[in-house]
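Undergrad: Compact mmCIF, N, CA and C atoms and all ligand atoms, saved as data_18.txt, coming up:
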# COMPACT_ATOMS: atom_id res chain seq x y z
N MET A 1 -12.96 7.35 19.53
CA MET A 1 -11.51 7.22 19.59
C MET A 1 -10.89 7.07 18.21
N MET A 2 -11.68 6.65 17.22
CA MET A 2 -11.12 6.43 15.91
C MET A 2 -11.15 7.69 15.03
N SER A 3 -11.76 8.74 15.52
CA SER A 3 -11.94 9.91 14.66
C SER A 3 -10.62 10.52 14.21
N SER A 4 -9.59 10.39 15.04
CA SER A 4 -8.31 11.00 14.68
C SER A 4 -7.61 10.22 13.57
N HIS A 5 -8.19 9.12 13.11
CA HIS A 5 -7.54 8.33 12.07
C HIS A 5 -8.07 8.59 10.68
N LEU A 6 -9.14 9.33 10.59
CA LEU A 6 -9.79 9.52 9.30
C LEU A 6 -8.96 10.27 8.28
N PRO A 7 -8.11 11.22 8.69
CA PRO A 7 -7.46 12.05 7.67
C PRO A 7 -6.50 11.34 6.71
N PHE A 8 -6.03 10.15 7.01
CA PHE A 8 -5.15 9.47 6.05
C PHE A 8 -5.92 9.15 4.78
N SER A 9 -5.36 9.52 3.64
CA SER A 9 -6.02 9.18 2.38
C SER A 9 -5.89 7.69 2.13
N ARG A 10 -6.76 7.19 1.29
CA ARG A 10 -6.71 5.78 0.91
C ARG A 10 -5.34 5.43 0.32
N SER A 11 -4.82 6.31 -0.49
CA SER A 11 -3.53 6.07 -1.14
C SER A 11 -2.40 5.97 -0.10
N VAL A 12 -2.41 6.85 0.90
CA VAL A 12 -1.40 6.79 1.95
C VAL A 12 -1.51 5.48 2.73
N GLN A 13 -2.75 5.08 3.01
CA GLN A 13 -2.94 3.82 3.75
C GLN A 13 -2.44 2.63 2.95
N GLU A 14 -2.70 2.65 1.65
CA GLU A 14 -2.24 1.55 0.80
C GLU A 14 -0.71 1.51 0.74
N GLN A 15 -0.10 2.69 0.66
CA GLN A 15 1.37 2.74 0.64
C GLN A 15 1.96 2.20 1.94
N ALA A 16 1.31 2.54 3.06
CA ALA A 16 1.80 2.07 4.36
C ALA A 16 1.67 0.55 4.46
N LEU A 17 0.55 0.02 4.01
CA LEU A 17 0.32 -1.43 4.05
C LEU A 17 1.33 -2.15 3.17
N ASN A 18 1.63 -1.55 2.05
CA ASN A 18 2.63 -2.10 1.14
C ASN A 18 4.02 -2.11 1.79
N ARG A 19 4.39 -0.99 2.41
CA ARG A 19 5.69 -0.89 3.12
C ARG A 19 5.80 -1.99 4.17
N GLN A 20 4.68 -2.28 4.82
CA GLN A 20 4.65 -3.28 5.89
C GLN A 20 4.52 -4.71 5.35
N LYS A 21 4.53 -4.83 4.03
CA LYS A 21 4.37 -6.14 3.38
C LYS A 21 3.12 -6.86 3.86
N ASN A 22 2.05 -6.09 3.97
CA ASN A 22 0.72 -6.61 4.34
C ASN A 22 0.69 -7.31 5.70
N ARG A 23 1.49 -6.78 6.62
CA ARG A 23 1.43 -7.30 7.99
C ARG A 23 1.02 -6.17 8.93
N CYS A 24 0.39 -6.57 10.04
CA CYS A 24 0.15 -5.60 11.10
C CYS A 24 1.51 -5.08 11.56
N ALA A 25 1.66 -3.75 11.61
CA ALA A 25 2.96 -3.16 11.98
C ALA A 25 3.37 -3.55 13.39
N SER A 26 2.40 -3.90 14.20
CA SER A 26 2.69 -4.19 15.59
C SER A 26 2.92 -5.69 15.84
N CYS A 27 1.93 -6.53 15.57
CA CYS A 27 2.05 -7.96 15.90
C CYS A 27 2.50 -8.81 14.72
N GLY A 28 2.45 -8.26 13.50
CA GLY A 28 2.95 -8.97 12.33
C GLY A 28 1.95 -9.92 11.69
N ILE A 29 0.72 -9.96 12.20
CA ILE A 29 -0.25 -10.86 11.59
C ILE A 29 -0.54 -10.40 10.17
N ARG A 30 -0.80 -11.37 9.30
CA ARG A 30 -1.07 -11.06 7.89
C ARG A 30 -2.38 -10.27 7.77
N LEU A 31 -2.31 -9.19 7.02
CA LEU A 31 -3.51 -8.40 6.75
C LEU A 31 -3.79 -8.51 5.26
N PHE A 32 -5.04 -8.68 4.92
CA PHE A 32 -5.38 -8.95 3.53
C PHE A 32 -5.85 -7.72 2.78
N GLY A 33 -6.05 -6.65 3.49
CA GLY A 33 -6.47 -5.42 2.83
C GLY A 33 -6.98 -4.44 3.86
N LEU A 34 -7.09 -3.22 3.48
CA LEU A 34 -7.55 -2.20 4.40
C LEU A 34 -8.98 -2.49 4.82
N GLY A 35 -9.23 -2.42 6.11
CA GLY A 35 -10.58 -2.59 6.62
C GLY A 35 -11.09 -4.01 6.54
N ARG A 36 -10.20 -4.96 6.19
CA ARG A 36 -10.66 -6.34 6.07
C ARG A 36 -10.02 -7.21 7.14
N SER A 37 -10.71 -8.25 7.50
CA SER A 37 -10.22 -9.15 8.53
C SER A 37 -8.96 -9.85 8.08
N GLY A 38 -8.19 -10.27 9.06
CA GLY A 38 -6.99 -11.02 8.79
C GLY A 38 -7.32 -12.49 8.60
N ALA A 39 -6.38 -13.32 8.94
CA ALA A 39 -6.55 -14.77 8.76
C ALA A 39 -7.72 -15.27 9.60
N ALA A 40 -8.30 -16.36 9.15
CA ALA A 40 -9.48 -16.91 9.82
C ALA A 40 -9.19 -17.29 11.26
N GLN A 41 -7.95 -17.71 11.52
CA GLN A 41 -7.63 -18.12 12.88
C GLN A 41 -7.41 -16.93 13.82
N HIS A 42 -7.42 -15.75 13.25
CA HIS A 42 -7.25 -14.56 14.08
C HIS A 42 -8.47 -14.43 14.99
N LYS A 43 -8.21 -14.38 16.26
CA LYS A 43 -9.30 -14.58 17.23
C LYS A 43 -10.32 -13.45 17.30
N PHE A 44 -9.93 -12.25 17.02
CA PHE A 44 -10.79 -11.14 17.40
C PHE A 44 -11.54 -10.50 16.24
N GLY A 45 -11.43 -11.08 15.08
CA GLY A 45 -12.17 -10.53 13.94
C GLY A 45 -11.69 -9.16 13.53
N GLU A 46 -10.40 -8.93 13.67
CA GLU A 46 -9.85 -7.61 13.42
C GLU A 46 -9.99 -7.16 11.98
N SER A 47 -10.01 -5.89 11.83
CA SER A 47 -9.82 -5.30 10.53
C SER A 47 -8.50 -4.54 10.55
N ALA A 48 -8.04 -4.16 9.39
CA ALA A 48 -6.79 -3.43 9.28
C ALA A 48 -7.10 -1.93 9.35
N GLU A 49 -6.54 -1.28 10.36
CA GLU A 49 -6.90 0.11 10.61
C GLU A 49 -5.66 1.01 10.60
N ALA A 50 -5.84 2.18 10.06
CA ALA A 50 -4.73 3.15 10.02
C ALA A 50 -4.60 3.83 11.38
N HIS A 51 -3.37 4.04 11.78
CA HIS A 51 -3.09 4.65 13.08
C HIS A 51 -1.96 5.67 12.92
N HIS A 52 -2.09 6.79 13.61
CA HIS A 52 -1.04 7.81 13.60
C HIS A 52 0.10 7.38 14.53
N ILE A 53 1.30 7.36 14.03
CA ILE A 53 2.46 7.09 14.88
C ILE A 53 2.60 8.23 15.89
N ILE A 54 2.65 9.44 15.39
CA ILE A 54 2.55 10.62 16.26
C ILE A 54 1.10 11.11 16.14
N PRO A 55 0.39 11.18 17.26
CA PRO A 55 -1.04 11.55 17.18
C PRO A 55 -1.25 12.90 16.49
N HIS A 56 -2.35 12.96 15.80
CA HIS A 56 -2.75 14.20 15.13
C HIS A 56 -2.75 15.37 16.12
N ALA A 57 -3.21 15.11 17.32
CA ALA A 57 -3.30 16.17 18.35
C ALA A 57 -1.92 16.72 18.73
N LEU A 58 -0.88 15.92 18.52
CA LEU A 58 0.49 16.37 18.82
C LEU A 58 1.21 16.83 17.55
N GLY A 59 0.45 17.07 16.51
CA GLY A 59 1.02 17.61 15.29
C GLY A 59 1.44 16.57 14.27
N GLY A 60 1.12 15.30 14.52
CA GLY A 60 1.49 14.24 13.58
C GLY A 60 0.80 14.45 12.24
N PRO A 61 1.57 14.42 11.15
CA PRO A 61 1.02 14.68 9.82
C PRO A 61 0.31 13.44 9.25
N VAL A 62 -0.44 13.62 8.17
CA VAL A 62 -1.16 12.50 7.55
C VAL A 62 -0.34 11.95 6.38
N THR A 63 0.94 11.73 6.64
CA THR A 63 1.86 11.21 5.63
C THR A 63 2.04 9.70 5.82
N VAL A 64 2.60 9.06 4.80
CA VAL A 64 2.82 7.61 4.89
C VAL A 64 3.81 7.29 6.01
N GLU A 65 4.79 8.16 6.23
CA GLU A 65 5.77 7.92 7.30
C GLU A 65 5.10 7.86 8.67
N ASN A 66 4.06 8.66 8.83
CA ASN A 66 3.38 8.73 10.14
C ASN A 66 2.21 7.76 10.23
N CYS A 67 2.06 6.92 9.24
CA CYS A 67 0.92 6.00 9.17
C CYS A 67 1.38 4.56 9.38
N VAL A 68 0.75 3.88 10.31
CA VAL A 68 0.91 2.42 10.41
C VAL A 68 -0.47 1.80 10.26
N ILE A 69 -0.49 0.63 9.62
CA ILE A 69 -1.73 -0.14 9.53
C ILE A 69 -1.61 -1.27 10.55
N ILE A 70 -2.54 -1.29 11.47
CA ILE A 70 -2.48 -2.29 12.53
C ILE A 70 -3.84 -2.98 12.67
N CYS A 71 -3.81 -4.19 13.21
CA CYS A 71 -5.06 -4.93 13.40
C CYS A 71 -5.84 -4.30 14.55
N ARG A 72 -7.10 -4.67 14.64
CA ARG A 72 -7.97 -4.02 15.63
C ARG A 72 -7.48 -4.25 17.06
N ALA A 73 -7.02 -5.46 17.34
CA ALA A 73 -6.55 -5.75 18.70
C ALA A 73 -5.37 -4.85 19.04
N CYS A 74 -4.43 -4.71 18.10
CA CYS A 74 -3.28 -3.84 18.35
C CYS A 74 -3.70 -2.38 18.40
N HIS A 75 -4.73 -2.03 17.64
CA HIS A 75 -5.19 -0.66 17.66
C HIS A 75 -5.80 -0.30 19.02
N LEU A 76 -6.61 -1.21 19.54
CA LEU A 76 -7.17 -0.97 20.87
C LEU A 76 -6.05 -0.86 21.90
N ASN A 77 -5.05 -1.72 21.73
CA ASN A 77 -3.91 -1.71 22.63
C ASN A 77 -3.14 -0.39 22.53
N ALA A 78 -2.96 0.07 21.28
CA ALA A 78 -2.23 1.33 21.06
C ALA A 78 -2.94 2.50 21.74
N HIS A 79 -4.26 2.39 21.85
CA HIS A 79 -5.03 3.44 22.51
C HIS A 79 -5.44 3.06 23.92
N GLN A 80 -4.74 2.06 24.44
CA GLN A 80 -4.99 1.64 25.82
C GLN A 80 -6.48 1.38 26.06
N GLY A 81 -7.05 0.64 25.13
CA GLY A 81 -8.46 0.27 25.24
C GLY A 81 -9.41 1.43 25.05
N GLY A 82 -8.92 2.53 24.51
CA GLY A 82 -9.77 3.68 24.22
C GLY A 82 -9.53 4.85 25.17
N ARG A 83 -8.81 4.61 26.24
CA ARG A 83 -8.60 5.71 27.21
C ARG A 83 -7.47 6.63 26.75
N PHE A 84 -6.44 6.04 26.16
CA PHE A 84 -5.29 6.80 25.68
C PHE A 84 -4.80 7.77 26.74
N ALA A 85 -4.72 7.26 27.97
CA ALA A 85 -4.40 8.12 29.10
C ALA A 85 -2.91 8.41 29.21
N ASP A 86 -2.09 7.44 28.85
CA ASP A 86 -0.65 7.58 29.06
C ASP A 86 0.03 7.99 27.76
N THR A 87 0.37 9.25 27.66
CA THR A 87 1.07 9.74 26.46
C THR A 87 2.54 10.00 26.79
N SER A 88 3.04 9.39 27.87
CA SER A 88 4.40 9.70 28.32
C SER A 88 5.47 9.26 27.33
N ILE A 89 5.14 8.30 26.42
CA ILE A 89 6.16 7.92 25.43
C ILE A 89 6.53 9.09 24.53
N TYR A 90 5.68 10.11 24.47
CA TYR A 90 5.97 11.26 23.61
C TYR A 90 6.69 12.39 24.36
N ASP A 91 6.75 12.29 25.70
CA ASP A 91 7.25 13.40 26.50
C ASP A 91 8.71 13.76 26.20
N ASP A 92 9.54 12.73 25.98
CA ASP A 92 10.96 12.97 25.72
C ASP A 92 11.19 13.62 24.36
N LEU A 93 10.17 13.63 23.54
CA LEU A 93 10.36 14.01 22.14
C LEU A 93 9.93 15.43 21.84
N LYS A 94 9.56 16.18 22.86
CA LYS A 94 8.99 17.51 22.63
C LYS A 94 9.87 18.40 21.78
N SER A 95 11.18 18.36 22.01
CA SER A 95 12.07 19.26 21.29
C SER A 95 12.67 18.62 20.03
N VAL A 96 12.26 17.38 19.73
CA VAL A 96 12.79 16.66 18.57
C VAL A 96 11.99 17.04 17.33
N PRO A 97 12.68 17.29 16.19
CA PRO A 97 11.93 17.62 14.96
C PRO A 97 10.98 16.49 14.58
N MET A 98 9.87 16.84 13.93
CA MET A 98 8.81 15.88 13.65
C MET A 98 9.31 14.63 12.93
N ALA A 99 10.16 14.77 11.92
CA ALA A 99 10.61 13.61 11.14
C ALA A 99 11.35 12.62 12.04
N ALA A 100 12.18 13.15 12.95
CA ALA A 100 12.94 12.29 13.85
C ALA A 100 12.02 11.67 14.90
N LYS A 101 11.04 12.45 15.32
CA LYS A 101 10.03 11.97 16.27
C LYS A 101 9.31 10.74 15.71
N ILE A 102 8.91 10.85 14.44
CA ILE A 102 8.20 9.75 13.79
C ILE A 102 9.08 8.51 13.75
N LEU A 103 10.36 8.70 13.39
CA LEU A 103 11.28 7.56 13.30
C LEU A 103 11.46 6.88 14.66
N ARG A 104 11.52 7.69 15.70
CA ARG A 104 11.73 7.13 17.05
C ARG A 104 10.54 6.27 17.47
N ILE A 105 9.34 6.74 17.22
CA ILE A 105 8.15 5.96 17.62
C ILE A 105 7.93 4.80 16.63
N ALA A 106 8.23 5.04 15.35
CA ALA A 106 8.08 3.96 14.36
C ALA A 106 8.96 2.77 14.73
N ALA A 107 10.10 3.03 15.36
CA ALA A 107 11.01 1.96 15.76
C ALA A 107 10.36 1.03 16.79
N LEU A 108 9.28 1.47 17.42
CA LEU A 108 8.57 0.62 18.38
C LEU A 108 7.65 -0.38 17.69
N TYR A 109 7.47 -0.21 16.38
CA TYR A 109 6.63 -1.14 15.60
C TYR A 109 7.54 -2.12 14.86
N PRO A 110 7.58 -3.37 15.31
CA PRO A 110 8.53 -4.33 14.73
C PRO A 110 8.31 -4.58 13.23
N HIS A 111 7.09 -4.38 12.76
CA HIS A 111 6.80 -4.69 11.35
C HIS A 111 6.49 -3.42 10.54
N TYR A 112 7.08 -2.31 10.98
CA TYR A 112 6.89 -1.05 10.25
C TYR A 112 7.31 -1.22 8.78
N ARG A 113 8.35 -2.00 8.57
CA ARG A 113 8.81 -2.30 7.19
C ARG A 113 8.60 -3.78 6.85
N GLY A 114 7.56 -4.33 7.37
CA GLY A 114 7.20 -5.71 7.03
C GLY A 114 7.88 -6.73 7.94
ZN ZN B 201 -1.74 -6.59 15.32
ZN ZN B 202 -5.04 4.94 16.37
Kindly transcribe the structure held in the file into structure tokens.

TA:
Amino acid sequence: MMSSHLPFSRSVQEQALNRQKNRCASCGIRLFGLGRSGAAQHKFGESAEAHHIIPHALGGPVTVENCVIICRACHLNAHQGGRFADTSIYDDLKSVPMAAKILRIAALYPHYRG
């Protein structure tokens, strides 16, 4: 399930984490670096993982705008525990240009800008 996340360059991931002020874009927990665990009290031993706002399979680019860094728990949640069965949040956006599409889904991440 993680294979679609590999294309983001290290530099893009760092820029995204910086934009988010080192917080998980979804739950806001402090992240200390890419691929590293968050605070000790964080229950699940998460690492900070890059995630496509618009999935690669739907044409989402590997740009910083389309990149969120989220903790492992939020990442599993974003992929519905790995099944990623329900893609209906993207259905309304079929005719929307990619840049606007990204903004619409990014708005669902409370800490997209920290
Ligand atoms: Zn999180
Ligand atoms: Zn993902």

Undergrad: Could you pull out the residues in chain A that DSSP calls strand (DSSP E or B) from the backbone, as a ChimeraX atom specification?

TA: /A:23,30,48-52,67-71

Undergrad: For ligand ZN 201 (chain B), return the neighbouring residues as a list of chain:residue names (distance at most 6.5 Å; all atoms listed in the file).

TA: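 Based on all atoms listed in the file, ligand ZN 201 (chain B) is surrounded within 6.5 Å by A:Cys24, A:Ala25, A:Ser26, A:Cys27, A:Gly28, A:Ile29, A:Ile70, A:Cys71, A:Arg72, A:Ala73, A:Cys74, A:His75.
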
Undergrad: Between A:Ala78, A:Val64, A:Leu17, A:Val12, which has the minimum distance to ligand ZN 202 (chain B) (counting all atoms listed in the file)?

TA: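 Once distances to ligand ZN 202 (chain B) are computed over all atoms listed in the file, the minimum belongs to A:Ala78.
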
Undergrad: How many Å lie between atom N of Gly82 (chain A) and CA of Met98 (chain A), rounded to one decimal?

TA: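 CA of Met98 (chain A) lies at a distance of 24.7 Å from atom N of Gly82 (chain A).
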
Undergrad: Rank nothing, just name the residue among A:Lys101, A:Lys94, A:His52, A:His111 nearest to ligand ZN 202 (chain B), using only N, CA and C atoms and all ligand atoms.

TA: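 Residue with the minimum atom-to-atom distance to ligand ZN 202 (chain B): A:His52.
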
Undergrad: List as a ChimeraX atom specification the protein and nucleic acid residues near Glu65 (chain A), meaning an atom at most 10 Å away when only C-alpha atoms are counted, but skip any in the same chain fewer than 2 places from it.

TA: /A:12,15-16,19,52-54,60-63,67-68,99,102-103,106,112

Undergrad: How far is it from atom N of Val96 (chain A) to atom N of Ile69 (chain A), in Å with one decimal?

TA: 23.4 Å

Undergrad: Give the answer as one residue: which of A:Arg30, A:Ala57, A:Ser9, A:Leu76 has the shortest atom-to-atom distance to ligand ZN 202 (chain B), using only N, CA and C atoms and all ligand atoms?

TA: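 Using only N, CA and C atoms and all ligand atoms, ligand ZN 202 (chain B) sits closest to A:Leu76.
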
Undergrad: Where does DSSP see alpha helix (DSSP H) in chain A, if you list the residues as a list in words?

TA: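 Going through chain A, the alpha helix (DSSP H) residues come out as Arg10, Ser11, Val12, Gln13, Glu14, Gln15, Ala16, Leu17, Asn18, Arg19, Arg72, Ala73, Cys74, His75, Leu76, Asn77, Ala78, Met98, Ala99, Ala100, Lys101, Ile102, Leu103, Arg104, Ile105 and Ala106 of chain A.
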
Undergrad: Find the residues with any atom within 6 Å of (7.8, 8.7, 20.7); use only C-alpha atoms and the coordinates as given in the file, and write the answer as number ranges by chain.

TA: A: 89-90, 101, 104-105

Undergrad: Would you save the residues from that selection as a CSV table (one decimal), in the coordinates of the input, using N, CA and C atoms?

TA:
chain,number,residue,atom,x,y,z
A,89,ILE,N,5.1,8.3,26.4
A,89,ILE,CA,6.2,7.9,25.4
A,89,ILE,C,6.5,9.1,24.5
A,90,TYR,N,5.7,10.1,24.5
A,90,TYR,CA,6.0,11.3,23.6
A,90,TYR,C,6.7,12.4,24.4
A,101,LYS,N,11.0,12.4,15.3
A,101,LYS,CA,10.0,12.0,16.3
A,101,LYS,C,9.3,10.7,15.7
A,104,ARG,N,11.5,7.7,15.7
A,104,ARG,CA,11.7,7.1,17.0
A,104,ARG,C,10.5,6.3,17.5
A,105,ILE,N,9.3,6.7,17.2
A,105,ILE,CA,8.2,6.0,17.6
A,105,ILE,C,7.9,4.8,16.6

Undergrad: What is the distance, in Å and to one decimal place, between CA of Asn22 (chain A) and CA of Asn77 (chain A)?

TA: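 Computing the Euclidean distance for CA of Asn22 (chain A) and CA of Asn77 (chain A) yields 19.5 Å.
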
Undergrad: Given the choices A:Ser11, A:Arg23, A:His79, A:Phe32, which gets closest to ligand ZN 202 (chain B) if the distance is worked out from all atoms listed in the file?

TA: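 Closest to ligand ZN 202 (chain B) of all the choices is A:His79.
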
Undergrad: What are the centre and edge lengths in Å, to one decimal, of the axis-aligned box around all listed atoms of region 76-91 of chain A with 3 Å added on each side, as JSON?

TA:
{"center_x": -0.5, "center_y": 6.0, "center_z": 24.4, "size_x": 24.5, "size_y": 21.5, "size_z": 15.7}
